[in-house]
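What follows is the content of final24.csv, which has CSV, C-alpha atoms and all ligand atoms:
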```csv
chain,number,residue,atom,x,y,z
R,51,MET,CA,-6.2,6.8,-17.7
R,52,ARG,CA,-4.5,3.5,-16.8
R,53,ARG,CA,-0.8,3.8,-16.4
R,54,ARG,CA,1.6,2.0,-18.9
R,55,PRO,CA,2.9,-1.4,-17.8
R,56,LEU,CA,5.7,-2.0,-15.3
R,57,ILE,CA,8.2,-4.8,-15.5
R,58,ALA,CA,10.1,-6.0,-12.4
R,59,ILE,CA,13.4,-7.8,-12.8
R,60,ASP,CA,14.8,-9.2,-9.5
R,61,GLY,CA,17.6,-11.6,-8.5
R,62,PRO,CA,20.9,-11.9,-6.7
R,63,SER,CA,24.3,-10.3,-7.7
R,64,GLY,CA,25.9,-11.3,-10.9
R,65,VAL,CA,22.9,-12.9,-12.5
R,66,GLY,CA,22.6,-10.7,-15.6
R,67,LYS,CA,19.8,-8.5,-14.4
R,68,SER,CA,21.1,-5.3,-16.1
R,69,THR,CA,21.6,-6.8,-19.5
R,70,VAL,CA,18.2,-8.4,-19.5
R,71,ALA,CA,16.4,-5.4,-18.1
R,72,MET,CA,18.1,-3.0,-20.6
R,73,ALA,CA,17.3,-5.3,-23.6
R,74,LEU,CA,13.6,-5.6,-22.5
R,75,ALA,CA,13.4,-1.8,-22.0
R,76,ASP,CA,14.9,-1.4,-25.5
R,77,LYS,CA,12.5,-3.9,-27.1
R,78,LEU,CA,9.4,-2.3,-25.5
R,79,GLY,CA,10.5,1.3,-25.7
R,80,PHE,CA,10.3,1.6,-21.9
R,81,ARG,CA,12.6,3.4,-19.5
R,82,TYR,CA,15.2,1.3,-17.7
R,83,ILE,CA,15.9,2.0,-14.1
R,84,ASN,CA,18.5,0.2,-12.0
R,85,THR,CA,17.7,0.4,-8.3
R,86,GLY,CA,21.0,-1.3,-7.2
R,87,ALA,CA,22.7,1.8,-8.6
R,88,MET,CA,20.6,4.0,-6.3
R,89,TYR,CA,21.6,1.9,-3.2
R,90,ARG,CA,25.2,2.1,-4.3
R,91,ALA,CA,25.0,5.9,-4.8
R,92,LEU,CA,23.4,6.4,-1.4
R,93,GLY,CA,26.0,4.3,0.3
R,94,LEU,CA,28.8,6.3,-1.3
R,95,ALA,CA,27.1,9.6,-0.4
R,96,ALA,CA,26.7,8.6,3.2
R,97,ASP,CA,30.3,7.4,3.4
R,98,GLU,CA,31.5,10.6,1.8
R,99,ALA,CA,29.5,12.6,4.4
R,100,GLY,CA,31.4,10.7,7.1
R,101,VAL,CA,28.4,8.6,8.1
R,102,ASP,CA,29.2,5.1,9.4
R,103,VAL,CA,26.8,2.9,7.4
R,104,THR,CA,26.6,0.4,10.2
R,105,ASP,CA,25.3,3.1,12.6
R,106,ASN,CA,21.5,3.0,12.2
R,107,GLU,CA,20.8,6.3,13.9
R,108,ALA,CA,23.4,8.2,11.9
R,109,LEU,CA,22.0,6.7,8.6
R,110,LYS,CA,18.5,7.7,9.6
R,111,ARG,CA,19.6,11.3,10.2
R,112,PHE,CA,21.4,11.3,6.9
R,113,CYS,CA,18.3,10.0,5.0
R,114,ALA,CA,16.2,12.7,6.6
R,115,SER,CA,18.6,15.4,5.4
R,116,VAL,CA,19.2,14.3,1.7
R,117,THR,CA,17.7,15.7,-1.4
R,118,LEU,CA,17.1,13.2,-4.2
R,119,ARG,CA,16.5,14.0,-7.9
R,120,PHE,CA,16.5,11.7,-10.9
R,121,ASP,CA,18.4,12.9,-13.9
R,122,THR,CA,16.5,11.3,-16.8
R,123,ALA,CA,19.1,12.2,-19.5
R,124,ARG,CA,21.9,10.5,-17.5
R,125,ASN,CA,19.6,7.9,-16.0
R,126,SER,CA,21.1,8.5,-12.6
R,127,LEU,CA,20.1,9.4,-9.1
R,128,ILE,CA,21.5,12.8,-8.0
R,129,ILE,CA,22.0,13.0,-4.3
R,130,ASN,CA,22.5,16.5,-2.8
R,131,GLY,CA,23.3,17.8,-6.3
R,132,ARG,CA,25.9,15.1,-6.9
R,133,ASP,CA,26.0,12.3,-9.5
R,134,PHE,CA,27.9,9.3,-8.2
R,135,SER,CA,27.6,7.1,-11.3
R,136,ALA,CA,31.3,7.2,-12.1
R,137,ASP,CA,32.1,5.4,-8.8
R,138,ILE,CA,29.1,3.0,-8.3
R,139,LYS,CA,30.6,0.0,-10.0
R,140,THR,CA,33.4,-0.5,-7.5
R,141,GLN,CA,33.4,-3.4,-4.9
R,142,ARG,CA,33.5,-0.7,-2.2
R,143,ALA,CA,30.3,0.8,-3.5
R,144,GLY,CA,28.8,-2.7,-3.6
R,145,SER,CA,29.7,-3.3,0.0
R,146,LEU,CA,28.5,0.0,1.2
R,147,ALA,CA,25.2,-0.6,-0.6
R,148,SER,CA,24.8,-4.1,0.8
R,149,VAL,CA,25.3,-2.9,4.4
R,150,SER,CA,23.3,0.4,4.2
R,151,SER,CA,20.4,-1.2,2.3
R,152,ALA,CA,19.5,-3.2,5.4
R,153,ASN,CA,18.6,0.0,7.2
R,154,PRO,CA,14.8,0.7,7.3
R,155,SER,CA,15.3,4.5,6.7
R,156,VAL,CA,17.4,3.9,3.6
R,157,ARG,CA,14.8,1.5,2.2
R,158,GLU,CA,11.8,3.7,3.0
R,159,LEU,CA,13.5,6.7,1.3
R,160,LEU,CA,14.5,4.8,-1.9
R,161,VAL,CA,11.4,2.7,-2.2
R,162,SER,CA,9.1,5.7,-2.1
R,163,PHE,CA,11.4,7.5,-4.6
R,164,GLN,CA,11.3,4.5,-6.9
R,165,ARG,CA,7.5,4.3,-6.7
R,166,SER,CA,7.3,8.0,-7.6
R,167,LEU,CA,9.5,7.3,-10.7
R,168,GLY,CA,7.2,4.4,-11.7
R,169,ARG,CA,3.9,6.2,-11.3
R,170,ASP,CA,3.2,6.4,-15.0
R,171,GLY,CA,4.6,3.0,-15.8
R,172,GLY,CA,6.5,2.3,-19.1
R,173,ILE,CA,9.4,1.2,-17.0
R,174,VAL,CA,11.6,-1.9,-16.6
R,175,MET,CA,13.0,-1.7,-13.0
R,176,GLU,CA,15.7,-4.0,-11.7
R,177,GLY,CA,16.6,-4.8,-8.1
R,178,ARG,CA,16.0,-7.2,-5.3
R,179,ASP,CA,12.5,-6.2,-4.1
R,180,ILE,CA,10.8,-4.7,-7.1
R,181,GLY,CA,8.2,-7.5,-7.6
R,182,THR,CA,7.7,-8.1,-3.9
R,183,VAL,CA,7.7,-4.6,-2.4
R,184,VAL,CA,8.2,-1.6,-4.8
R,185,PHE,CA,5.6,-2.7,-7.4
R,186,PRO,CA,3.7,-5.8,-6.2
R,187,ASP,CA,1.2,-5.0,-9.0
R,188,ALA,CA,3.7,-5.1,-11.8
R,189,GLU,CA,2.3,-6.6,-15.0
R,190,LEU,CA,5.4,-8.8,-15.4
R,191,LYS,CA,7.8,-10.1,-12.8
R,192,ILE,CA,11.0,-12.0,-13.7
R,193,PHE,CA,13.3,-13.5,-11.2
R,194,LEU,CA,16.7,-14.3,-12.5
R,195,ASP,CA,18.8,-16.9,-10.7
R,196,ALA,CA,22.1,-18.7,-11.2
R,197,SER,CA,24.5,-20.9,-9.1
R,198,HIS,CA,27.0,-19.1,-6.9
R,199,GLU,CA,30.0,-20.3,-8.9
R,200,VAL,CA,28.6,-19.0,-12.2
R,201,ARG,CA,27.8,-15.6,-10.7
R,202,ALA,CA,31.2,-15.3,-9.1
R,203,LEU,CA,32.9,-16.1,-12.4
R,204,ARG,CA,30.7,-13.6,-14.3
R,205,ARG,CA,31.3,-10.8,-11.8
R,206,HIS,CA,35.1,-11.5,-11.8
R,207,LEU,CA,35.2,-11.2,-15.6
R,208,GLU,CA,33.1,-8.0,-15.4
R,209,LEU,CA,35.6,-6.5,-13.0
R,210,LYS,CA,38.7,-7.3,-15.2
R,211,GLY,CA,41.4,-4.8,-14.6
R,212,ASN,CA,40.3,-4.5,-11.0
R,213,LYS,CA,42.8,-5.9,-8.4
R,214,ASP,CA,40.3,-8.3,-6.8
R,215,THR,CA,41.1,-12.0,-7.3
R,216,ARG,CA,38.5,-14.6,-8.2
R,217,ALA,CA,38.5,-15.8,-4.6
R,218,ASP,CA,37.9,-12.2,-3.3
R,219,VAL,CA,35.0,-11.8,-5.7
R,220,SER,CA,33.5,-15.2,-4.7
R,221,ALA,CA,33.7,-14.4,-1.0
R,222,GLU,CA,32.2,-10.9,-1.6
R,223,ILE,CA,29.3,-12.4,-3.5
R,224,LYS,CA,28.7,-15.0,-0.8
R,225,GLU,CA,28.7,-12.4,1.9
R,226,ARG,CA,26.4,-10.1,-0.1
R,227,ASP,CA,23.9,-13.0,-0.8
R,228,ARG,CA,23.9,-13.7,2.9
R,229,ARG,CA,23.1,-10.0,3.8
R,230,ASP,CA,20.6,-9.6,1.0
R,231,THR,CA,18.6,-12.8,1.9
R,232,GLU,CA,18.9,-12.7,5.7
R,233,ARG,CA,18.1,-9.0,6.4
R,234,LYS,CA,14.9,-8.2,8.2
R,235,GLU,CA,13.8,-5.4,5.8
R,236,SER,CA,12.6,-6.6,2.3
R,237,PRO,CA,15.0,-9.6,2.0
R,238,LEU,CA,15.7,-10.9,-1.4
R,239,ARG,CA,13.1,-13.5,-2.4
R,240,MET,CA,11.1,-14.4,-5.4
R,241,ALA,CA,7.5,-13.0,-5.7
R,242,GLU,CA,5.0,-15.8,-5.8
R,243,ASP,CA,3.7,-14.7,-9.2
R,244,ALA,CA,7.2,-14.1,-10.8
R,245,VAL,CA,8.6,-16.2,-13.6
R,246,ARG,CA,11.9,-17.8,-12.6
R,247,ILE,CA,14.7,-18.1,-15.2
R,248,ASP,CA,17.9,-20.0,-14.2
R,249,THR,CA,20.7,-18.4,-16.2
R,250,SER,CA,23.5,-20.7,-15.0
R,251,HIS,CA,23.7,-22.6,-18.3
R,252,LEU,CA,22.4,-20.0,-20.7
R,253,GLY,CA,24.2,-17.4,-22.8
R,254,ILE,CA,23.0,-13.8,-22.2
R,255,ASN,CA,21.2,-13.7,-25.6
R,256,ASP,CA,19.2,-16.8,-24.6
R,257,VAL,CA,18.2,-15.2,-21.3
R,258,VAL,CA,17.1,-12.0,-23.2
R,259,GLU,CA,15.1,-14.2,-25.6
R,260,LYS,CA,13.4,-16.0,-22.7
R,261,ALA,CA,12.6,-12.7,-21.0
R,262,ILE,CA,11.1,-11.2,-24.3
R,263,ASP,CA,9.1,-14.4,-24.6
R,264,CYS,CA,7.7,-13.8,-21.1
R,265,ALA,CA,6.8,-10.3,-22.1
R,266,ARG,CA,5.1,-11.7,-25.2
R,267,LYS,CA,3.1,-14.2,-23.1
R,268,ALA,CA,2.1,-11.3,-20.8
R,269,GLY,CA,0.7,-9.5,-23.8
R,270,LEU,CA,3.3,-6.7,-23.6
R,271,VAL,CA,5.1,-7.4,-27.0
R,272,ASP,CA,3.5,-8.3,-30.3
R,301,LIG,O1,22.3,-5.0,-7.9
R,301,LIG,P1,23.5,-4.4,-7.2
R,301,LIG,O2,24.7,-5.4,-7.0
R,301,LIG,O3,24.0,-3.1,-7.8
R,301,LIG,O4,23.0,-4.0,-5.7
R,301,LIG,C1,23.9,-3.5,-4.7
R,301,LIG,C2,23.3,-3.7,-3.3
R,301,LIG,O5,22.1,-2.9,-3.2
R,301,LIG,C3,22.8,-5.2,-3.1
R,301,LIG,O6,23.8,-5.9,-2.3
R,301,LIG,C4,21.6,-5.1,-2.3
R,301,LIG,C5,21.1,-3.7,-2.5
R,301,LIG,N1,19.8,-3.6,-3.2
R,301,LIG,C6,18.7,-3.7,-2.5
R,301,LIG,O7,18.7,-3.9,-1.3
R,301,LIG,N2,17.5,-3.5,-3.1
R,301,LIG,C7,17.4,-3.3,-4.4
R,301,LIG,N3,16.2,-3.1,-5.0
R,301,LIG,C8,18.6,-3.2,-5.2
R,301,LIG,C9,19.8,-3.3,-4.6
```
Please go through the file and, once you have read it, give me the structure as structure tokens.
Ligand code: DC
Amino acid sequence: MRRRPLIAIDGPSGVGKSTVAMALADKLGFRYINTGAMYRALGLAADEAGVDVTDNEALKRFCASVTLRFDTARNSLIINGRDFSADIKTQRAGSLASVSSANPSVRELLVSFQRSLGRDGGIVMEGRDIGTVVFPDAELKIFLDASHEVRALRRHLELKGNKDTRADVSAEIKERDRRDTERKESPLRMAEDAVRIDTSHLGINDVVEKAIDCARKAGLVD
């Protein structure tokens, strides 16, 4: 039997991917999977195990030794029996993920895990390389984009209560964009057959509406 559809939501940091992906999953009755959370959890797990995430060989050994499991009820990746979801939203987790995700062993490990999760479809998966590498045959690919200034402001508001200033957040996003787009392994880019939505001047509800409209045009929603 043919698997259920897959929807890929890709784009840079602070563009509203999670909100849009969750709303689409809710609308379609699909599962929502956030792959950025997986790279963050893996970065934290490596760091906690004393692995220098800039050391390619050490990260390779770490990847070969870990056990991954997906907890469907919590919607989180469990690494060596531990759930890192309480700590994945920090700037530190973001930096560890951005650096370690350039490592080929990390990508190989997580991409094959993500493919196994998506085998039966019925999933909205968000990330950087879902439409280009993980599921190039996804039924619908949406690439969300926004100006650097808008994304930095959104991320700053999201991190309210955190001690980072707006300038810190802006510099961090700039550095993360550079690493995500310039890395050799699966750099962030839009799939040729993706629909691009510029969210710079749209409210989140408008973006969700546009995404649902894309799903309707793709024949995935009545
Ligand atoms: O979406 P996010 O900010 O939670 O992602 C954290 C980092 O993980 C990001 O800097 C790049 C990396 N990432 C990736 O390389 N591939 C993905 N599919 C998702 C995230």
- What lies within 12 Å of Asp76 in chain R using only C-alpha atoms, ignoring chain neighbours under 3 positions off, as a VMD selection string? chain R and resid 68 to 73 79 to 83 172 to 174 258 262 271
So that each row is one residue of chain R with an atom at most 8 Å from ligand LIG 301 (chain R), can you give its shortest atom pair and the distance in Å to one decimal, using all atoms listed in the file, rows by chain and rising number, as a Markdown table?
```
| residue | atom | partner | partner_atom | distance |
| --- | --- | --- | --- | --- |
| R:Asp60 | CA | R:LIG301 | N3 | 7.7 |
| R:Pro62 | CA | R:LIG301 | O1 | 7.1 |
| R:Ser63 | CA | R:LIG301 | O2 | 5.0 |
| R:Gly64 | CA | R:LIG301 | O2 | 7.2 |
| R:Lys67 | CA | R:LIG301 | O1 | 7.8 |
| R:Asn84 | CA | R:LIG301 | C8 | 7.6 |
| R:Thr85 | CA | R:LIG301 | C8 | 4.8 |
| R:Gly86 | CA | R:LIG301 | C9 | 3.5 |
| R:Ala87 | CA | R:LIG301 | O3 | 5.1 |
| R:Met88 | CA | R:LIG301 | C9 | 7.5 |
| R:Tyr89 | CA | R:LIG301 | O5 | 4.8 |
| R:Arg90 | CA | R:LIG301 | C1 | 5.8 |
| R:Ile138 | CA | R:LIG301 | O3 | 8.0 |
| R:Lys139 | CA | R:LIG301 | O3 | 7.6 |
| R:Ala143 | CA | R:LIG301 | C1 | 7.8 |
| R:Gly144 | CA | R:LIG301 | C1 | 5.1 |
| R:Ser145 | CA | R:LIG301 | O6 | 6.8 |
| R:Leu146 | CA | R:LIG301 | C2 | 7.8 |
| R:Ala147 | CA | R:LIG301 | C2 | 4.5 |
| R:Ser148 | CA | R:LIG301 | O6 | 3.7 |
| R:Val149 | CA | R:LIG301 | O6 | 7.5 |
| R:Ser151 | CA | R:LIG301 | O7 | 4.8 |
| R:Ala152 | CA | R:LIG301 | O7 | 6.8 |
| R:Arg157 | CA | R:LIG301 | O7 | 7.5 |
| R:Glu176 | CA | R:LIG301 | N3 | 6.8 |
| R:Gly177 | CA | R:LIG301 | N3 | 3.6 |
| R:Arg178 | CA | R:LIG301 | N3 | 4.1 |
| R:Asp179 | CA | R:LIG301 | N3 | 4.9 |
| R:Ile180 | CA | R:LIG301 | N3 | 6.0 |
| R:Arg226 | CA | R:LIG301 | O6 | 5.4 |
| R:Asp227 | CA | R:LIG301 | O6 | 7.3 |
| R:Arg229 | CA | R:LIG301 | O6 | 7.4 |
| R:Asp230 | CA | R:LIG301 | C4 | 5.7 |
| R:Ser236 | CA | R:LIG301 | O7 | 7.6 |
| R:Pro237 | CA | R:LIG301 | O7 | 7.6 |
| R:Leu238 | CA | R:LIG301 | O7 | 7.6 |
```
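The gap separating CA of Asp195 in chain R from CA of Asp214 in chain R is 23.5 Å, in Å to one decimal.
In this model, the gap between CA of Ala268 in chain R and CA of Phe193 in chain R comes to 14.9 Å.
With all atoms listed in the file as the atoms that count, the residue of R:Gly171, R:Gly181, R:Gly93, R:Gly66 with the shortest distance to Thr140 in chain R is R:Gly93.
You will find CA of Gly168 in chain R at 19.3 Å from CA of Leu92 in chain R.
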- Counting only C-alpha atoms, the residue among R:Thr249, R:Ser115, R:Thr215, R:Gln141 that lies closest to His198 in chain R is R:Thr249
- Message: I'd like to know which of R:Glu107, R:Glu222, R:Asp272, R:Asp102 is closest to Ser155 in chain R, using all atoms listed in the file.
- Response: R:Glu107
- Query: Quick one: residues within 12 Å of Ala95 in chain R, only C-alpha atoms counted, chain neighbours fewer than 6 positions away excluded, as a PyMOL selection string?
  - Reply: chain R and resi 88-89+101-103+109+112-113+115-118+127-135+137-138+143+146-147+150+156
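Candidate residues R:Asp218, R:Asp105, R:Ala188, R:Ala91 were compared for distance to Arg53 in chain R, and the nearest is R:Ala188, using only C-alpha atoms.
Closest to Asp243 in chain R among R:Arg205, R:Ile192, R:Glu199, R:Ile223 is R:Ile192, based on only C-alpha atoms.
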Within 9 Å of Leu203 in chain R using only C-alpha atoms, minus same-chain residues under 6 positions, as an mmCIF file with C-alpha atoms, keeping the file's coordinate frame:
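out-v2.cif was written with the following content:
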```
data_model
loop_
_atom_site.group_PDB
_atom_site.id
_atom_site.type_symbol
_atom_site.label_atom_id
_atom_site.label_comp_id
_atom_site.auth_asym_id
_atom_site.auth_seq_id
_atom_site.Cartn_x
_atom_site.Cartn_y
_atom_site.Cartn_z
ATOM 1 C CA GLY R 64 25.900 -11.300 -10.900
ATOM 2 C CA ARG R 216 38.500 -14.600 -8.200
ATOM 3 C CA VAL R 219 35.000 -11.800 -5.700
ATOM 4 C CA SER R 220 33.500 -15.200 -4.700
#
```
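Distance check against Gly253 in chain R using all atoms listed in the file: of R:Lys224, R:Arg204, R:Lys110, R:Arg165, the minimum falls on R:Arg204.
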